[in-house]
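start_20.cif follows (mmCIF, C-alpha atoms):
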```
data_protein
loop_
_atom_site.label_atom_id
_atom_site.label_comp_id
_atom_site.auth_asym_id
_atom_site.auth_seq_id
_atom_site.Cartn_x
_atom_site.Cartn_y
_atom_site.Cartn_z
CA MET A 17 31.82 10.05 14.09
CA HIS A 18 29.88 12.82 12.36
CA SER A 19 28.53 13.62 8.90
CA ASP A 20 26.23 16.40 7.84
CA VAL A 21 23.87 13.78 6.36
CA VAL A 22 23.56 10.07 7.10
CA VAL A 23 21.68 7.80 4.71
CA ILE A 24 20.43 4.58 6.30
CA GLY A 25 20.20 1.77 3.74
CA ALA A 26 21.88 1.17 0.39
CA GLY A 27 19.04 -0.19 -1.71
CA GLN A 28 17.51 1.60 -4.70
CA ALA A 29 16.24 4.55 -2.68
CA GLY A 30 19.34 4.89 -0.53
CA LEU A 31 21.73 4.82 -3.49
CA SER A 32 19.57 7.32 -5.37
CA ALA A 33 19.80 9.68 -2.41
CA ALA A 34 23.55 9.04 -2.12
CA TYR A 35 24.03 9.89 -5.79
CA GLU A 36 22.30 13.25 -5.35
CA LEU A 37 24.31 13.99 -2.21
CA HIS A 38 27.49 13.15 -4.12
CA ARG A 39 26.40 15.34 -7.01
CA GLN A 40 25.72 18.23 -4.61
CA GLY A 41 29.11 17.85 -2.95
CA ALA A 42 27.57 17.19 0.46
CA ASP A 43 29.31 15.67 3.47
CA PHE A 44 27.55 12.32 3.92
CA VAL A 45 27.86 8.61 4.60
CA VAL A 46 25.64 5.62 3.87
CA LEU A 47 25.18 3.03 6.62
CA ASP A 48 24.00 -0.31 5.26
CA GLY A 49 23.07 -3.33 7.36
CA ASP A 50 23.80 -5.93 4.68
CA ALA A 51 27.14 -7.66 4.23
CA GLY A 52 27.28 -6.75 0.54
CA PRO A 53 25.66 -4.51 -2.07
CA GLY A 54 22.29 -5.18 -3.62
CA GLY A 55 19.72 -4.05 -1.09
CA ALA A 56 16.75 -6.40 -0.83
CA TRP A 57 17.48 -7.74 -4.30
CA GLN A 58 20.46 -9.76 -3.08
CA HIS A 59 18.07 -11.83 -0.94
CA ARG A 60 15.62 -12.77 -3.70
CA TRP A 61 15.24 -16.46 -4.42
CA PRO A 62 17.78 -17.84 -6.94
CA SER A 63 15.17 -19.05 -9.41
CA LEU A 64 13.76 -15.53 -9.87
CA ARG A 65 15.20 -14.79 -13.29
CA LEU A 66 15.89 -11.30 -14.52
CA ASP A 67 13.14 -11.50 -17.14
CA LYS A 68 10.58 -12.59 -14.52
CA ALA A 69 11.36 -9.86 -12.01
CA HIS A 70 9.34 -6.67 -11.64
CA ARG A 71 10.71 -3.89 -13.78
CA ILE A 72 14.13 -2.91 -12.47
CA ALA A 73 14.69 0.81 -12.99
CA PRO A 74 18.28 1.97 -13.52
CA LEU A 75 19.86 4.06 -10.82
CA PRO A 76 20.47 7.73 -11.72
CA GLY A 77 23.60 8.37 -13.75
CA MET A 78 24.39 4.78 -14.74
CA ASP A 79 22.47 2.41 -16.99
CA LEU A 80 21.74 -1.18 -16.14
CA PRO A 81 24.29 -3.53 -17.71
CA ASP A 82 23.34 -5.92 -20.48
CA ALA A 83 22.70 -9.29 -18.87
CA ASP A 84 21.33 -12.71 -19.73
CA PRO A 85 17.54 -12.55 -19.17
CA ALA A 86 17.75 -16.03 -17.64
CA ALA A 87 20.32 -14.92 -15.04
CA PRO A 88 19.22 -14.72 -11.39
CA ALA A 89 17.92 -11.21 -10.71
CA SER A 90 19.64 -11.25 -7.31
CA GLU A 91 23.08 -11.66 -8.88
CA VAL A 92 22.57 -9.13 -11.66
CA VAL A 93 21.20 -6.39 -9.41
CA ALA A 94 23.73 -6.97 -6.63
CA GLY A 95 26.54 -6.71 -9.16
CA TYR A 96 25.03 -3.56 -10.64
CA PHE A 97 24.59 -1.88 -7.25
CA GLY A 98 28.14 -2.77 -6.27
CA ALA A 99 29.55 -1.36 -9.51
CA TYR A 100 27.45 1.78 -8.98
CA GLU A 101 28.87 2.34 -5.50
CA GLN A 102 32.42 1.95 -6.82
CA HIS A 103 31.92 4.09 -9.92
CA PHE A 104 30.69 7.10 -7.94
CA GLU A 105 32.94 6.33 -4.95
CA LEU A 106 29.98 6.44 -2.60
CA PRO A 107 30.98 6.25 1.09
CA VAL A 108 29.01 3.12 1.99
CA HIS A 109 29.87 1.52 5.34
CA ARG A 110 28.78 -2.10 5.87
CA PRO A 111 27.70 -4.10 7.62
CA VAL A 112 26.46 -1.41 9.99
CA GLY A 113 23.15 -1.95 11.72
CA VAL A 114 21.40 1.15 13.01
CA ARG A 115 19.80 0.19 16.29
CA ALA A 116 18.25 3.48 17.42
CA VAL A 117 17.99 7.12 16.34
CA HIS A 118 17.67 9.87 18.94
CA ARG A 119 17.14 13.62 18.68
CA THR A 120 19.94 15.96 19.68
CA ASP A 121 20.05 19.76 19.94
CA ASP A 122 21.47 20.04 16.42
CA GLY A 123 20.25 16.91 14.66
CA PHE A 124 20.36 13.19 15.39
CA ARG A 125 22.43 10.59 17.23
CA LEU A 126 22.56 7.11 15.75
CA ASP A 127 23.42 4.11 17.90
CA THR A 128 24.89 1.53 15.52
CA SER A 129 26.73 -1.79 15.54
CA ALA A 130 29.86 0.19 14.59
CA GLY A 131 29.61 2.85 17.27
CA GLU A 132 27.89 6.21 17.50
CA TRP A 133 27.26 8.58 14.58
CA THR A 134 25.83 12.07 14.67
CA ALA A 135 24.23 13.97 11.79
CA ARG A 136 22.34 17.15 11.12
CA GLY A 137 20.09 15.54 8.53
CA LEU A 138 18.89 12.00 8.00
CA VAL A 139 17.60 10.10 4.97
CA ASN A 140 16.04 6.78 5.96
CA ALA A 141 15.93 4.17 3.20
CA THR A 142 15.52 0.91 5.08
CA GLY A 143 12.72 -0.51 2.96
CA THR A 144 10.68 -3.48 4.14
CA TRP A 145 12.66 -6.67 3.48
CA THR A 146 13.76 -7.12 7.10
CA ARG A 147 10.15 -6.93 8.33
CA PRO A 148 8.23 -9.86 6.81
CA PHE A 149 4.62 -9.84 7.95
CA TRP A 150 3.17 -12.98 9.53
CA PRO A 151 -0.59 -12.63 10.04
CA ALA A 152 -2.18 -14.07 13.15
CA TYR A 153 -4.49 -17.00 12.44
CA PRO A 154 -6.00 -19.41 14.96
CA GLY A 155 -4.18 -22.74 15.11
CA ARG A 156 -0.82 -21.60 13.76
CA GLU A 157 0.90 -23.17 16.75
CA LEU A 158 -0.99 -26.44 16.18
CA PHE A 159 0.01 -27.01 12.56
CA GLY A 160 2.33 -30.01 12.34
CA GLY A 161 3.83 -29.19 8.95
CA ARG A 162 6.28 -26.52 7.87
CA GLN A 163 5.52 -22.80 7.81
CA LEU A 164 7.73 -20.27 6.05
CA HIS A 165 7.49 -16.74 4.74
CA ALA A 166 8.02 -15.84 1.10
CA ALA A 167 11.19 -14.03 2.19
CA ASP A 168 12.67 -17.43 3.12
CA TYR A 169 11.75 -19.13 -0.16
CA ARG A 170 14.85 -20.41 -1.96
CA GLY A 171 13.33 -22.49 -4.77
CA ALA A 172 10.66 -25.05 -5.61
CA GLU A 173 12.66 -28.25 -5.23
CA GLU A 174 12.29 -28.40 -1.44
CA PHE A 175 8.51 -28.73 -1.95
CA ARG A 176 8.68 -31.73 -4.28
CA ASP A 177 5.81 -34.18 -3.71
CA LEU A 178 4.38 -32.10 -0.86
CA ARG A 179 0.94 -30.54 -0.43
CA VAL A 180 1.47 -26.79 -0.31
CA VAL A 181 -0.88 -23.94 0.60
CA VAL A 182 0.26 -20.50 -0.60
CA VAL A 183 -1.28 -17.54 1.23
CA GLY A 184 -1.23 -14.11 -0.37
CA GLY A 185 -2.36 -12.15 -3.42
CA GLY A 186 0.83 -10.37 -4.50
CA THR A 187 3.32 -10.91 -7.27
CA SER A 188 5.71 -12.97 -5.13
CA ALA A 189 2.85 -15.28 -4.14
CA VAL A 190 1.94 -15.89 -7.77
CA GLN A 191 5.53 -16.39 -8.93
CA GLN A 192 6.38 -18.79 -6.14
CA LEU A 193 3.07 -20.64 -6.49
CA ILE A 194 3.68 -21.22 -10.19
CA GLU A 195 7.18 -22.58 -9.56
CA ILE A 196 6.07 -24.84 -6.71
CA SER A 197 3.15 -26.21 -8.72
CA GLU A 198 5.61 -27.79 -11.17
CA VAL A 199 6.97 -30.18 -8.51
CA ALA A 200 4.48 -30.34 -5.60
CA ALA A 201 1.93 -33.08 -5.08
CA SER A 202 -0.68 -30.33 -4.93
CA THR A 203 -0.93 -26.58 -4.49
CA THR A 204 -3.74 -24.46 -3.12
CA TRP A 205 -3.82 -20.68 -3.47
CA VAL A 206 -5.76 -18.62 -0.92
CA THR A 207 -6.17 -14.85 -0.74
CA ARG A 208 -8.18 -12.45 1.41
CA ARG A 209 -9.57 -10.67 -1.63
CA GLU A 210 -10.32 -11.67 -5.19
CA PRO A 211 -7.13 -10.96 -7.20
CA VAL A 212 -7.25 -8.14 -9.72
CA TRP A 213 -5.50 -8.93 -12.99
CA ARG A 214 -4.39 -6.59 -15.74
CA SER A 215 -3.55 -7.72 -19.21
CA GLY A 216 -2.40 -4.46 -20.78
CA PRO A 217 0.49 -2.14 -20.01
CA PHE A 218 0.30 0.00 -16.91
CA ASP A 219 0.23 3.52 -18.33
CA GLU A 220 1.42 6.72 -16.65
CA ASP A 221 -2.08 7.89 -15.71
CA ALA A 222 -2.82 4.65 -13.90
CA GLY A 223 0.57 4.81 -12.22
CA ARG A 224 -0.03 8.34 -10.96
CA ALA A 225 -3.45 7.34 -9.66
CA ALA A 226 -1.98 4.38 -7.76
CA VAL A 227 0.77 6.50 -6.22
CA ALA A 228 -1.78 9.17 -5.26
CA LEU A 229 -3.79 6.61 -3.28
CA VAL A 230 -0.73 5.61 -1.27
CA ASP A 231 0.34 9.24 -0.82
CA GLU A 232 -3.09 10.12 0.55
CA ARG A 233 -2.70 7.49 3.26
CA VAL A 234 0.76 8.57 4.44
CA ARG A 235 -0.24 12.24 4.52
CA ALA A 236 -3.01 11.18 6.90
CA GLY A 237 -0.57 9.26 9.11
CA LEU A 238 -1.87 5.85 8.08
CA PRO A 239 0.37 2.87 7.27
CA PRO A 240 1.14 2.78 3.55
CA VAL A 241 -0.23 0.10 1.30
CA SER A 242 1.92 -1.37 -1.42
CA VAL A 243 1.98 0.53 -4.72
CA VAL A 244 2.17 -2.85 -6.46
CA GLY A 245 -0.87 -3.97 -4.49
CA VAL A 246 -2.82 -1.05 -5.92
CA THR A 247 -1.71 -1.68 -9.51
CA GLY A 248 -2.89 -5.30 -9.73
CA LEU A 249 -1.26 -8.48 -11.03
CA MET A 250 0.19 -8.71 -14.51
CA GLU A 251 -1.09 -11.49 -16.80
CA THR A 252 2.22 -12.80 -18.11
CA ASP A 253 2.66 -15.83 -20.35
CA ALA A 254 3.59 -17.84 -17.26
CA VAL A 255 0.41 -16.72 -15.54
CA LEU A 256 -1.75 -17.68 -18.52
CA ALA A 257 -0.12 -21.11 -18.70
CA ALA A 258 -0.60 -21.67 -14.97
CA ARG A 259 -4.22 -20.61 -15.21
CA ALA A 260 -4.77 -23.16 -17.95
CA ARG A 261 -3.41 -25.84 -15.60
CA GLY A 262 -5.80 -24.75 -12.84
CA VAL A 263 -2.99 -23.51 -10.59
CA LEU A 264 -4.58 -20.09 -10.14
CA ASP A 265 -8.02 -21.32 -9.10
CA ARG A 266 -8.03 -19.19 -5.97
CA LEU A 267 -9.92 -19.91 -2.74
CA PRO A 268 -10.83 -17.44 0.01
CA VAL A 269 -8.36 -17.58 2.87
CA PHE A 270 -9.02 -20.26 5.50
CA ASP A 271 -10.33 -19.49 8.97
CA ARG A 272 -7.79 -21.51 10.95
CA LEU A 273 -4.96 -23.98 10.81
CA THR A 274 -5.25 -27.48 12.19
CA ALA A 275 -2.67 -30.10 13.10
CA GLY A 276 -2.82 -31.52 9.61
CA GLY A 277 -3.78 -28.63 7.36
CA VAL A 278 -6.11 -25.66 7.04
CA ALA A 279 -9.85 -25.36 7.61
CA TRP A 280 -12.83 -23.21 6.72
CA ASP A 281 -15.80 -22.79 9.07
CA SER A 282 -18.57 -22.00 6.59
CA PRO A 283 -19.11 -24.24 4.82
CA ALA A 284 -17.14 -26.59 7.05
CA ARG A 285 -14.15 -27.99 5.19
CA GLU A 286 -10.60 -29.08 5.97
CA LEU A 287 -7.73 -29.39 3.51
CA PRO A 288 -4.64 -31.46 4.36
CA ALA A 289 -1.31 -29.72 3.90
CA ASP A 290 2.38 -30.34 4.50
CA VAL A 291 3.51 -26.72 4.02
CA VAL A 292 1.97 -23.28 4.45
CA LEU A 293 3.86 -20.57 2.58
CA TRP A 294 2.97 -17.11 3.90
CA ALA A 295 3.44 -14.73 0.96
CA THR A 296 1.80 -12.03 3.03
CA GLY A 297 4.05 -9.09 2.37
CA PHE A 298 6.22 -6.84 4.49
CA ARG A 299 5.99 -3.82 6.76
CA ALA A 300 8.18 -0.72 6.80
CA ALA A 301 11.42 -1.32 8.73
CA LEU A 302 11.27 1.71 11.02
CA ASP A 303 11.84 0.21 14.48
CA HIS A 304 15.16 2.06 14.86
CA LEU A 305 13.21 5.35 14.61
CA ALA A 306 10.99 4.45 17.58
CA PRO A 307 12.82 6.84 20.01
CA LEU A 308 11.60 9.73 17.82
CA HIS A 309 7.94 8.80 18.50
CA LEU A 310 6.84 9.43 14.94
CA ARG A 311 3.91 7.01 14.68
CA THR A 312 0.40 8.36 14.98
CA SER A 313 -2.61 6.67 16.55
CA GLY A 314 -3.39 5.45 13.03
CA GLY A 315 -0.18 3.45 12.99
CA GLY A 316 1.68 5.42 10.32
CA VAL A 317 3.95 8.45 10.05
CA VAL A 318 2.54 11.78 8.86
CA MET A 319 4.42 12.67 5.69
CA ASP A 320 4.62 15.61 3.29
CA GLY A 321 6.22 14.05 0.24
CA THR A 322 9.31 12.34 1.66
CA ARG A 323 9.62 14.69 4.64
CA VAL A 324 8.44 13.61 8.07
CA VAL A 325 6.19 16.43 9.21
CA ALA A 326 7.27 16.12 12.85
CA GLU A 327 10.98 16.07 11.92
CA PRO A 328 11.84 18.45 9.04
CA LEU A 329 15.43 17.13 8.90
CA LEU A 330 14.30 13.52 8.45
CA HIS A 331 13.16 12.12 5.11
CA LEU A 332 11.80 8.63 4.41
CA VAL A 333 12.54 7.35 0.91
CA GLY A 334 11.36 4.02 -0.40
CA TYR A 335 8.40 4.44 1.96
CA GLY A 336 4.78 4.67 0.86
CA PRO A 337 4.41 6.23 -2.60
CA SER A 338 8.16 6.02 -3.25
CA ALA A 339 8.35 2.26 -2.64
CA SER A 340 8.60 1.33 -6.33
CA THR A 341 11.99 1.38 -8.05
CA ILE A 342 11.11 4.35 -10.26
CA GLY A 343 9.49 6.17 -7.36
CA ALA A 344 12.59 5.54 -5.22
CA ASN A 345 14.81 7.28 -7.77
CA ARG A 346 12.65 10.39 -7.82
CA ALA A 347 12.24 10.36 -4.05
CA GLY A 348 15.97 10.14 -3.41
CA ARG A 349 16.63 13.19 -5.56
CA SER A 350 13.78 15.32 -4.20
CA ALA A 351 14.44 14.32 -0.57
CA VAL A 352 18.09 15.35 -0.74
CA ARG A 353 17.35 18.67 -2.41
CA GLU A 354 14.71 19.58 0.16
CA LEU A 355 16.84 18.37 3.05
CA LEU A 356 19.86 20.40 1.96
CA ARG A 357 17.69 23.52 1.54
CA THR A 358 16.29 23.06 5.04
CA MET A 359 19.76 22.58 6.50
CA ALA A 360 21.09 25.65 4.67
CA ALA A 361 18.19 27.75 5.92
CA GLY A 362 18.87 26.59 9.48
CA THR A 363 22.54 27.49 9.16
CA ALA A 364 21.68 30.94 7.82
CA ALA A 365 19.23 31.51 10.63
#
```
Represent the structure contained in this file as structure tokens.
Amino acid sequence: MHSDVVVIGAGQAGLSAAYELHRQGADFVVLDGDAGPGGAWQHRWPSLRLDKAHRIAPLPGMDLPDADPAAPASEVVAGYFGAYEQHFELPVHRPVGVRAVHRTDDGFRLDTSAGEWTARGLVNATGTWTRPFWPAYPGRELFGGRQLHAADYRGAEEFRDLRVVVVGGGTSAVQQLIEISEVAASTTWVTRREPVWRSGPFDEDAGRAAVALVDERVRAGLPPVSVVGVTGLMETDAVLAARARGVLDRLPVFDRLTAGGVAWDSPARELPADVVLWATGFRAALDHLAPLHLRTSGGGVVMDGTRVVAEPLLHLVGYGPSASTIGANRAGRSAVRELLRTMAAGTAA
């Protein structure tokens, strides 16, 4: 099977790129590994309400529907993405897992769970959700309790009357910690760095500065850091209430796990625990691009905007500075326009 352009992934960035390809009248398909629409949002924990989720930017050409703020964000966004695909008649094929991408003389060959595809141009929008990051700490194999990643969190009730340690300084860590603290016997929050809080709105200048920091890294071929990680944590009403209860009294991360909990070496201290929740973020899901040998010695991919410098017909959207929902919209549009120009120039040549 062949298309001029293949988009891998149907989350915010992938659908934004698909919309622009549709608008330009291009020959394209979208290959999505999930069973249904919604991108990573469909996998968010059920208790994450719409009004507690990070700002959800509308996709280009279609506003977000009015919805109950108390509704699960996963359901609202999945429904919205599905309606978007139908409204614009986007050619989304699912579930199709892309296992490997190889160069060919005139583009790319994709080995997928649904057979082989070829394309002249490629827009990769696979995000990070399928690559949860588990840091290596001494004693992880010794711990006798339960360990799970924030990606596997389904709600607080399963932690009732348990002693829970939450590891991580991001928004998901804080949201899940607050929920768990309502039912757990105890909660302990540990982070590598002192959390940075912001109480006021995040203005455009601050946003541009945060994106610029991430962009600088990917242009140098370094792994991107999260845009959200650069912006800091928002002091919501829920955060202020949790702080008043002492839930957000953070400790530096432990040095090791033990059979019965976690421990610090200096000063020596051990804390009993039944559960360790690793809210330690995600990494870019780019393993299927490994045959292209894009990674540098620094561990990242050298980028110029969304374009991979080593592969002018390959664009990464939802990667690095375009990882936010608003950034993904802009990246999808600009990536497609540049890709189509490059392809047209190659045809003319």
Problem set entry | Residue contacts of region 182-188 of chain A (7 Å, all atoms listed in the file) excluding same-chain residues fewer than 4 positions away, as a PyMOL selection string | chain A and resi 192-193+204-207+211+245+249+292-296
Problem set entry | Selection dump of the PyMOL selection byres ((chain A and resi 136) around 9), as a ChimeraX atom specification | /A:18-22,120,122-125,134-135,137-138,329,359
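Using all atoms listed in the file, the residues found no farther than 9 Å from region 89-93 of chain A, other than those of its own chain fewer than 5 positions away, are A:Pro53, A:Gly54, A:Gly55, A:Ala56, A:Trp57, A:Gln58, A:His59, A:Arg60, A:Trp61, A:Pro62, A:Ser63, A:Leu64, A:Arg65, A:Leu66, A:Asp67, A:Lys68, A:Ala69, A:Ile72, A:Leu80, A:Pro81, A:Ala83, A:Asp84, A:Gly98.
Each of A:Val181, A:Val278, A:Leu47, A:Ala300 was compared to Ala130 (chain A) using all atoms listed in the file, and A:Leu47 turns out to be the nearest.
Checking A:Tyr35, A:Tyr335, A:Phe149, A:Phe97 one by one against Gly52 (chain A), counting only C-alpha atoms, you find the shortest gap at A:Phe97.
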Problem set entry | A:Gly171, A:Gly113, A:Pro107, A:Gly77 ranked by distance to Glu132 (chain A), top pick (using all atoms listed in the file) | A:Gly113
Report as a CSV table (one decimal) with C-alpha atoms, in the frame of the given file the residues that result from applying the PyMOL selection byres ((chain A and resi 214) around 7) to the structure here.
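Written output follows (out17.csv):
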```
chain,number,residue,atom,x,y,z
A,212,VAL,CA,-7.2,-8.1,-9.7
A,213,TRP,CA,-5.5,-8.9,-13.0
A,215,SER,CA,-3.6,-7.7,-19.2
A,216,GLY,CA,-2.4,-4.5,-20.8
A,248,GLY,CA,-2.9,-5.3,-9.7
A,249,LEU,CA,-1.3,-8.5,-11.0
A,250,MET,CA,0.2,-8.7,-14.5
A,251,GLU,CA,-1.1,-11.5,-16.8
```
Exercise. Applied to this file, what does the PyMOL selection byres ((chain A and resi 290) around 12) return in terms of residues, put as a ChimeraX atom specification?
Worked result: /A:159-164,174-182,200-204,273-278,287-289,291-293
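Interatomic distance, CA of Asp253 (chain A) against CA of Ala189 (chain A): 16.2 Å.
Nearest residue to Gly155 (chain A) among A:Asp271, A:Ala116, A:Asp281, A:Gln102 is A:Asp271, counting all atoms listed in the file.
Take the candidates A:Val112, A:Leu267, A:Val317, A:Ala29 and check each one against Ala51 (chain A) using only C-alpha atoms; the shortest distance goes to A:Val112.
Picture a line from CA of Ala42 (chain A) to CA of Val333 (chain A); it runs 18.0 Å.
Interatomic distance, CA of Glu101 (chain A) against CA of Ala306 (chain A): 29.3 Å.
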Exercise. Which one is closest to Ala141 (chain A): A:Ala344, A:Leu158, A:Ile194, A:Ala94? Count only C-alpha atoms.
Worked result: A:Ala344
Exercise. If you count only C-alpha atoms, which residues fall within 12 Å of Ala351 (chain A), apart from same-chain ones fewer than 3 positions away, as a PyMOL selection string?
Worked result: chain A and resi 21+23+29-30+32-37+137-141+319-324+328-335+338+343-348+354-358
